[in-house]
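J.: Below is the file work38.csv, with CSV, C-alpha atoms and all ligand atoms.
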chain,number,residue,atom,x,y,z
A,1,MET,CA,79.5,153.0,11.7
A,2,ILE,CA,79.0,149.2,11.7
A,3,GLU,CA,82.1,147.4,10.3
A,4,THR,CA,81.8,144.7,7.7
A,5,ILE,CA,83.8,141.5,8.0
A,6,LYS,CA,84.3,139.7,4.8
A,7,ILE,CA,84.3,135.9,5.0
A,8,VAL,CA,85.0,133.6,2.0
A,9,CYS,CA,83.9,130.0,1.7
A,10,ASN,CA,85.8,128.2,-1.1
A,11,GLY,CA,85.5,124.6,-2.1
A,12,ASP,CA,84.6,122.0,-4.7
A,13,LEU,CA,81.1,121.4,-5.9
A,14,LYS,CA,78.7,119.8,-3.4
A,15,VAL,CA,81.2,119.8,-0.5
A,16,GLY,CA,78.6,121.5,1.7
A,17,LYS,CA,79.4,125.2,1.4
A,18,THR,CA,75.8,126.5,1.3
A,19,SER,CA,74.8,124.2,4.1
A,20,PHE,CA,77.6,125.4,6.3
A,21,ILE,CA,76.6,129.0,5.7
A,22,LYS,CA,72.9,128.5,6.1
A,23,VAL,CA,73.3,126.6,9.4
A,24,PHE,CA,75.4,129.4,10.7
A,25,ILE,CA,73.1,132.2,9.5
A,26,ASP,CA,69.6,130.6,10.2
A,27,ASP,CA,70.3,127.4,12.1
A,28,LEU,CA,68.6,125.7,9.2
A,29,PHE,CA,70.0,122.7,7.2
A,30,PRO,CA,68.7,123.0,3.7
A,31,GLU,CA,66.9,119.6,3.1
A,32,VAL,CA,66.7,120.1,-0.6
A,33,TYR,CA,70.0,120.5,-2.5
A,34,GLN,CA,70.2,123.6,-4.7
A,35,GLU,CA,73.4,124.2,-6.6
A,36,THR,CA,75.1,127.6,-6.3
A,37,ILE,CA,75.7,128.6,-9.9
A,38,LEU,CA,77.5,131.9,-9.5
A,39,CYS,CA,79.4,133.2,-6.5
A,40,SER,CA,76.8,134.0,-3.8
A,41,ILE,CA,76.9,136.5,-1.0
A,42,ASP,CA,75.0,136.3,2.3
A,43,TYR,CA,74.8,138.7,5.2
A,44,LYS,CA,74.4,138.3,8.9
A,45,ASN,CA,74.4,140.9,11.6
A,46,PHE,CA,76.6,139.8,14.4
A,47,GLU,CA,77.3,141.0,17.9
A,48,ILE,CA,80.2,140.1,20.2
A,49,GLY,CA,80.2,141.7,23.6
A,50,ASN,CA,78.7,145.2,22.9
A,51,LYS,CA,80.2,145.4,19.4
A,52,LYS,CA,78.1,145.0,16.3
A,53,PHE,CA,79.3,143.8,13.0
A,54,LYS,CA,78.0,142.9,9.6
A,55,LEU,CA,79.3,139.6,8.3
A,56,GLN,CA,79.5,139.4,4.5
A,57,ILE,CA,79.8,135.7,3.6
A,58,TRP,CA,80.9,134.7,0.1
A,59,GLU,CA,80.5,131.3,-1.4
A,60,ASP,CA,82.6,130.3,-4.3
A,61,ASN,CA,83.2,127.0,-6.1
A,62,PHE,CA,86.7,127.4,-7.6
A,63,GLY,CA,85.1,128.3,-11.0
A,64,TYR,CA,83.3,125.1,-11.7
A,65,ARG,CA,80.2,125.5,-13.8
A,66,GLY,CA,82.1,127.8,-16.1
A,67,CYS,CA,82.0,130.8,-13.8
A,68,PHE,CA,85.6,131.5,-13.0
A,69,PRO,CA,86.1,133.5,-9.8
A,70,ASN,CA,87.4,137.0,-10.0
A,71,GLU,CA,90.3,136.1,-7.8
A,72,LYS,CA,91.1,139.7,-6.9
A,73,ARG,CA,87.5,140.2,-5.7
A,74,LEU,CA,87.7,137.1,-3.6
A,75,ILE,CA,91.0,138.0,-2.0
A,76,GLU,CA,90.4,141.7,-1.5
A,77,ASN,CA,89.6,142.6,2.1
A,78,THR,CA,89.0,139.0,3.1
A,79,SER,CA,89.3,138.7,6.8
A,80,ILE,CA,88.5,135.0,7.1
A,81,ALA,CA,88.7,132.2,4.4
A,82,PHE,CA,87.2,128.8,5.0
A,83,LEU,CA,88.7,126.3,2.6
A,84,ILE,CA,86.0,123.6,2.6
A,85,TYR,CA,86.4,119.9,1.7
A,86,ASP,CA,84.2,116.9,2.1
A,87,ILE,CA,85.8,114.3,4.5
A,88,THR,CA,84.4,111.5,2.3
A,89,ASN,CA,85.9,112.9,-0.9
A,90,LEU,CA,89.7,113.0,-1.2
A,91,GLN,CA,89.7,115.0,-4.4
A,92,SER,CA,87.9,117.8,-2.7
A,93,TYR,CA,90.7,118.0,-0.1
A,94,GLN,CA,93.3,118.0,-2.8
A,95,SER,CA,91.5,120.9,-4.5
A,96,ILE,CA,91.8,123.2,-1.5
A,97,LEU,CA,95.5,122.6,-1.1
A,98,ARG,CA,96.0,124.8,-4.1
A,99,TYR,CA,94.7,127.6,-2.1
A,100,CYS,CA,96.7,127.1,1.0
A,101,ASN,CA,100.0,128.5,0.1
A,102,GLY,CA,100.0,132.2,-0.5
A,103,PHE,CA,96.7,132.6,-2.3
A,104,PHE,CA,95.2,134.8,0.4
A,105,ASN,CA,96.8,137.8,2.0
A,106,GLU,CA,99.0,137.2,5.0
A,107,LYS,CA,96.4,138.9,7.3
A,108,THR,CA,93.6,136.6,6.2
A,109,ILE,CA,92.7,133.9,8.7
A,110,VAL,CA,92.6,130.8,6.6
A,111,THR,CA,90.9,127.7,8.1
A,112,LEU,CA,90.4,124.2,6.8
A,113,VAL,CA,86.9,122.9,7.2
A,114,GLY,CA,86.0,119.2,6.7
A,115,THR,CA,82.3,118.6,6.2
A,116,LYS,CA,79.9,115.7,6.6
A,117,LEU,CA,81.3,114.4,9.8
A,118,ASP,CA,78.0,112.6,10.5
A,119,ILE,CA,78.6,110.2,7.6
A,120,VAL,CA,82.0,109.0,8.9
A,121,ASP,CA,80.6,108.9,12.4
A,122,LEU,CA,78.1,106.3,11.2
A,123,ASP,CA,80.6,104.4,9.1
A,124,ASN,CA,84.3,105.2,9.4
A,125,SER,CA,85.1,103.3,6.1
A,126,LYS,CA,83.5,106.4,4.4
A,127,ARG,CA,86.4,108.6,5.6
A,128,LYS,CA,88.7,109.4,2.7
A,129,VAL,CA,90.6,112.3,4.2
A,130,PRO,CA,92.6,111.1,7.3
A,131,LYS,CA,92.6,113.5,10.2
A,132,GLU,CA,96.4,113.0,10.5
A,133,VAL,CA,97.0,114.3,7.0
A,134,VAL,CA,94.9,117.4,7.6
A,135,LYS,CA,96.5,118.0,11.0
A,136,GLU,CA,100.0,117.8,9.4
A,137,ASN,CA,99.1,120.3,6.6
A,138,SER,CA,97.3,122.7,8.9
A,139,MET,CA,100.4,122.8,11.1
A,140,LEU,CA,102.6,123.3,8.1
A,141,PHE,CA,100.6,126.3,7.0
A,142,GLY,CA,99.7,127.5,10.4
A,143,TYR,CA,96.0,127.1,9.9
A,144,ASP,CA,93.3,125.8,12.2
A,145,TYR,CA,91.1,122.9,11.0
A,146,PHE,CA,87.7,121.8,12.0
A,147,GLU,CA,85.5,118.8,11.2
A,148,ILE,CA,81.9,119.7,11.1
A,149,SER,CA,78.4,118.4,10.3
A,150,SER,CA,76.0,120.9,9.1
A,151,LYS,CA,73.3,118.3,9.0
A,152,TYR,CA,73.4,117.9,12.8
A,153,ASN,CA,74.8,121.3,13.6
A,154,ILE,CA,78.0,120.0,14.9
A,155,ASN,CA,80.9,122.5,15.2
A,156,VAL,CA,79.5,125.0,12.7
A,157,HIS,CA,79.0,127.9,15.1
A,158,ASN,CA,82.1,127.0,16.9
A,159,CYS,CA,84.1,127.2,13.7
A,160,PHE,CA,82.8,130.6,12.7
A,161,LEU,CA,83.0,132.1,16.2
A,162,LYS,CA,86.5,130.9,16.9
A,163,GLN,CA,87.8,132.4,13.8
A,164,ILE,CA,85.9,135.7,14.1
A,165,SER,CA,87.1,136.1,17.6
A,166,LYS,CA,90.7,135.9,16.3
A,167,LEU,CA,90.3,139.1,14.3
A,168,SER,CA,92.3,141.8,15.9
A,169,LEU,CA,89.6,144.5,15.5
A,170,ILE,CA,87.4,142.6,17.9
A,171,ASN,CA,90.0,141.2,20.1
A,172,ASP,CA,90.0,143.7,22.9
A,173,ASN,CA,89.0,141.9,26.1
A,174,ILE,CA,85.9,140.4,24.8
A,175,ASN,CA,84.9,137.0,26.3
A,176,ILE,CA,82.7,135.0,24.1
A,177,ASN,CA,81.1,131.7,24.6
A,178,ILE,CA,82.1,129.6,21.6
A,179,ASN,CA,80.4,126.5,22.7
A,180,ASN,CA,76.9,127.2,21.5
A,181,ASP,CA,76.5,124.5,18.9
A,182,LYS,CA,73.4,122.4,19.6
A,183,ASN,CA,75.4,119.2,19.7
A,184,ASN,CA,78.8,120.4,20.6
A,185,THR,CA,80.1,117.7,22.7
A,186,ALA,CA,82.9,115.4,21.6
A,187,PHE,CA,83.3,116.8,18.2
A,188,ASN,CA,85.6,119.8,18.5
A,189,ASN,CA,88.4,118.7,16.3
A,190,ASN,CA,90.1,122.0,16.3
A,191,ILE,CA,93.7,121.6,17.1
B,201,LIG,N1,75.3,114.0,5.5
B,201,LIG,C1,75.6,115.3,5.2
B,201,LIG,N2,75.3,115.8,4.1
B,201,LIG,C2,75.6,117.2,3.9
B,201,LIG,C3,76.2,117.9,4.9
B,201,LIG,N3,76.4,119.2,4.4
B,201,LIG,C4,75.9,119.2,3.1
B,201,LIG,N4,75.4,117.9,2.8
B,201,LIG,C5,74.8,117.5,1.5
B,201,LIG,O1,75.7,117.7,0.5
B,201,LIG,C6,75.1,118.2,-0.7
B,201,LIG,C7,75.7,119.5,-1.2
B,201,LIG,O2,75.4,120.5,-0.1
B,201,LIG,P1,75.5,122.1,-0.4
B,201,LIG,O3,75.6,122.7,0.9
B,201,LIG,O4,74.5,122.5,-1.3
B,201,LIG,O5,77.0,122.1,-1.1
B,201,LIG,P2,77.7,123.2,-1.9
B,201,LIG,O6,79.1,123.1,-1.7
B,201,LIG,O7,77.1,124.5,-1.6
B,201,LIG,O8,77.3,122.8,-3.4
B,201,LIG,P3,77.4,123.7,-4.7
B,201,LIG,O9,76.9,125.1,-4.5
B,201,LIG,O10,76.7,122.9,-5.8
B,201,LIG,O11,78.9,123.8,-5.0
B,201,LIG,C8,73.6,118.3,-0.4
B,201,LIG,O12,72.9,117.1,-0.8
B,201,LIG,C9,73.6,118.4,1.2
B,201,LIG,O13,72.4,117.9,1.8
B,201,LIG,C10,76.5,117.3,6.1
B,201,LIG,O14,77.0,117.9,7.1
B,201,LIG,N5,76.1,116.0,6.3
B,202,MG,MG,76.3,126.0,-2.8
In structure tokens, write the structure found in this file.

T.:
Amino acid sequence: MIETIKIVCNGDLKVGKTSFIKVFIDDLFPEVYQETILCSIDYKNFEIGNKKFKLQIWEDNFGYRGCFPNEKRLIENTSIAFLIYDITNLQSYQSILRYCNGFFNEKTIVTLVGTKLDIVDLDNSKRKVPKEVVKENSMLFGYDYFEISSKYNINVHNCFLKQISKLSLINDNINININNDKNNTAFNNNI
């Protein structure tokens, strides 16, 4: 039987959750913004080595737009949680901090994901979340962190693959190439 891996993407409105998921699933950056009103679920078949999995990827926006998440459903059986913030928006980073300490089960691999790296690459004054602050918090909580650009497919696949490869159920001597981002050069900010 093919195992299902549940992945949850949480974050404020418009931080880039859908784009992150779509680029991973289809290699396609949605050019037109479409809000996610309710919690959404996408699927992707996935293979590492000779093992096949089904990824079940949830998107949730912390209950904005009046649809409060059923926290139990979010937490239940979650293998990987991506807490997503926008590097150009400090408030979005503060929002995810509420979910850092003890919200998910101990076994869940929690990861901080800063989006829209392309914007600060063009103009560093747009950066509102300093890397040092994220690094400090991620060390404190024992989480990895990534800075990504879905628009230019930077670090998106790397981020998913690195965290998926950490799962114990697929961790038996499988070597995977995690550097398959199209533009994966100097942007691996994972610590
Ligand atoms: N420059 C840039 N813009 C991005 C990036 N990712 C997302 N965006 C833009 O940010 C806006 C929101 O993107 P979405 O992916 O829909 O964000 P979301 O978090 O799913 O939004 P909601 O579902 O409304 O909460 C859109 O206008 C995207 O084009 C990125 O990597 N770079
Ligand atoms: Mg969305």

J.: Counting only C-alpha atoms, write as an mmCIF file with C-alpha atoms, keeping the file's coordinate frame all protein and nucleic acid residues lying at most 9 Å from (78.7, 119.0, 9.0) in the file's frame.

T.:
data_model
loop_
_atom_site.group_PDB
_atom_site.id
_atom_site.type_symbol
_atom_site.label_atom_id
_atom_site.label_comp_id
_atom_site.auth_asym_id
_atom_site.auth_seq_id
_atom_site.Cartn_x
_atom_site.Cartn_y
_atom_site.Cartn_z
ATOM 1 C CA GLY A 16 78.600 121.500 1.700
ATOM 2 C CA SER A 19 74.800 124.200 4.100
ATOM 3 C CA PHE A 20 77.600 125.400 6.300
ATOM 4 C CA GLY A 114 86.000 119.200 6.700
ATOM 5 C CA THR A 115 82.300 118.600 6.200
ATOM 6 C CA LYS A 116 79.900 115.700 6.600
ATOM 7 C CA LEU A 117 81.300 114.400 9.800
ATOM 8 C CA ASP A 118 78.000 112.600 10.500
ATOM 9 C CA ILE A 119 78.600 110.200 7.600
ATOM 10 C CA GLU A 147 85.500 118.800 11.200
ATOM 11 C CA ILE A 148 81.900 119.700 11.100
ATOM 12 C CA SER A 149 78.400 118.400 10.300
ATOM 13 C CA SER A 150 76.000 120.900 9.100
ATOM 14 C CA LYS A 151 73.300 118.300 9.000
ATOM 15 C CA TYR A 152 73.400 117.900 12.800
ATOM 16 C CA ASN A 153 74.800 121.300 13.600
ATOM 17 C CA ILE A 154 78.000 120.000 14.900
ATOM 18 C CA ASN A 155 80.900 122.500 15.200
ATOM 19 C CA VAL A 156 79.500 125.000 12.700
#

J.: Report as a list in words all protein, DNA and RNA residues lying within 10 Å of Pro130 in chain A, evaluated on all atoms listed in the file, omitting residues in the same chain fewer than 2 positions from it.

T.: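 Near Pro130 in chain A, the qualifying residues are Ile87, Thr88, Leu90, Arg127, Lys128, Glu132, Val133, Val134 and Lys135 of chain A.
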
J.: Expressed in Å to a single decimal, how great is the separation between atom O12 of ligand LIG 201 (chain B) and CA of Thr18 in chain A?

T.: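 About the pair atom O12 of ligand LIG 201 (chain B) and CA of Thr18 in chain A: they are 10.1 Å apart.
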
J.: Grab me every residue within 8 Å of ligand MG 202 (chain B), counting only C-alpha atoms and all ligand atoms, and send it over as a list in words.

T.: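 Listed by chain and ascending number, the contacts are Leu13, Lys14, Gly16, Lys17, Thr18, Ser19, Gln34, Glu35, Thr36, Ile37, Glu59, Asp60 and Asn61 of chain A.
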
J.: Taking all atoms listed in the file into account, name the residue in A:Glu71, A:Ser40, A:His157, A:Gln163 that is nearest to Asp27 in chain A.

T.: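 Nearest candidate to Asp27 in chain A out of A:Glu71, A:Ser40, A:His157, A:Gln163: A:His157.
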
J.: With distances taken over only C-alpha atoms, which of A:Ser165, A:Asn137, A:Asn158, A:Asn50 is nearest to Tyr93 in chain A?

T.: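 For Tyr93 in chain A, the nearest of the given residues is A:Asn137.
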
J.: Could you pull the residues within 9 Å of Ile75 in chain A, counting only C-alpha atoms, minus those fewer than 5 positions along the same chain, as a ChimeraX atom specification?

T.: /A:8,70,81,103-105,108

J.: So how many Å separate atom P2 of ligand LIG 201 (chain B) and CA of Glu136 in chain A, to one decimal?

T.: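 For atom P2 of ligand LIG 201 (chain B) relative to CA of Glu136 in chain A, the distance reads 25.6 Å.
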
J.: My list of candidates is A:Gln94, A:Asn10, A:Ser125, A:Gln56. Which is closest to ligand LIG 201 (chain B) when distances are computed with all atoms listed in the file?

T.: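 Going through A:Gln94, A:Asn10, A:Ser125, A:Gln56 one by one, the smallest distance to ligand LIG 201 (chain B) is for A:Asn10.
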